[in-house]
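Q: The following block contains the structure, expressed as structure tokens.
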Amino acid sequence: MGLIDTHADLVLNYWDWDKNQIEGLSPYTLTYGSTKRSHWVCDLGHSWQAITQSVTSGHGCPVCAGKVVLIGFNDIETT
């Protein structure tokens, strides 16, 4: 079973189809527990790469979570 079967909402909403295709990654063959790094895009358009298992475990966009600073979004001057 692929990621599309076990986490369809996650794939449909956040999977970066273009970047993952370039790297030969597919949600049809990648599993939810995979340690391969895959590309994702959040609702606000932030792009990040993470171990697939961490995303399926609930770790989302590092910018939105305040773990990575993005100038004009969550930097000191903006906030």
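Going through the structure tokens in order, the chains are called A, B, and so on, while each chain numbers its residues from 1 and the ligands are numbered from 1 in the order shown.
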With only C-alpha atoms as the counted atoms, please give the residues lying no more than 12 Å from Ser54 (chain A), apart from itself and same-chain residues fewer than 4 positions off, as a list in words.
A: Thr31, Tyr32, Gly33, Ser34, Thr35, Lys36, Arg37, Ser38, His39, Trp40, Gln49, Ala50, Gly58, His59, Gly60, Cys61 and Pro62 of chain A
Q: At a cut-off of 12 Å, using only C-alpha atoms, what residues contact Val11 (chain A)? Leave out same-chain residues fewer than 2 positions from it and give the result as an mmCIF file with C-alpha atoms, in the first residue's frame.
A:
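Ended up saving to selection_10.cif:
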data_model
loop_
_atom_site.group_PDB
_atom_site.id
_atom_site.type_symbol
_atom_site.label_atom_id
_atom_site.label_comp_id
_atom_site.auth_asym_id
_atom_site.auth_seq_id
_atom_site.Cartn_x
_atom_site.Cartn_y
_atom_site.Cartn_z
ATOM 1 C CA GLY A 2 1.290 3.375 -0.962
ATOM 2 C CA LEU A 3 1.061 6.716 0.784
ATOM 3 C CA ILE A 4 -1.900 7.617 -1.449
ATOM 4 C CA ASP A 5 -3.821 4.698 0.065
ATOM 5 C CA THR A 6 -3.006 5.360 3.726
ATOM 6 C CA HIS A 7 -2.796 9.176 3.802
ATOM 7 C CA ALA A 8 -4.794 10.357 0.781
ATOM 8 C CA ASP A 9 -5.779 13.724 2.334
ATOM 9 C CA ASN A 13 -3.368 18.638 -0.038
ATOM 10 C CA TYR A 14 0.391 18.884 0.511
ATOM 11 C CA TRP A 15 2.358 16.577 -1.817
ATOM 12 C CA ASP A 16 4.604 18.594 -4.167
ATOM 13 C CA TRP A 17 3.929 16.656 -7.354
ATOM 14 C CA ASN A 20 8.787 14.742 -6.185
ATOM 15 C CA SER A 26 5.548 8.664 -6.118
ATOM 16 C CA PRO A 27 2.843 8.517 -3.432
ATOM 17 C CA TYR A 28 1.717 5.273 -5.061
ATOM 18 C CA LEU A 30 6.253 5.413 -1.162
ATOM 19 C CA THR A 31 4.891 4.186 2.176
ATOM 20 C CA TYR A 32 3.859 6.229 5.230
ATOM 21 C CA SER A 38 9.982 13.999 -0.030
ATOM 22 C CA HIS A 39 8.775 17.477 -0.960
ATOM 23 C CA TRP A 40 5.678 19.152 0.472
ATOM 24 C CA VAL A 41 3.825 22.479 0.144
ATOM 25 C CA CYS A 42 1.637 23.902 2.941
ATOM 26 C CA THR A 52 8.088 11.154 4.737
ATOM 27 C CA VAL A 55 5.111 14.308 7.802
ATOM 28 C CA THR A 56 2.762 11.344 8.159
#
Q: Hey, can you check how far CA of Asp43 (chain A) sits from CA of Ala65 (chain A)?
A: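 CA of Asp43 (chain A) sits 12.7 Å away from CA of Ala65 (chain A).
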Q: Can you tell me how far CA of Ser47 (chain A) sits from CA of Glu77 (chain A), in Å to one decimal?
A: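 Value for the CA of Ser47 (chain A)-CA of Glu77 (chain A) distance: 21.9 Å.
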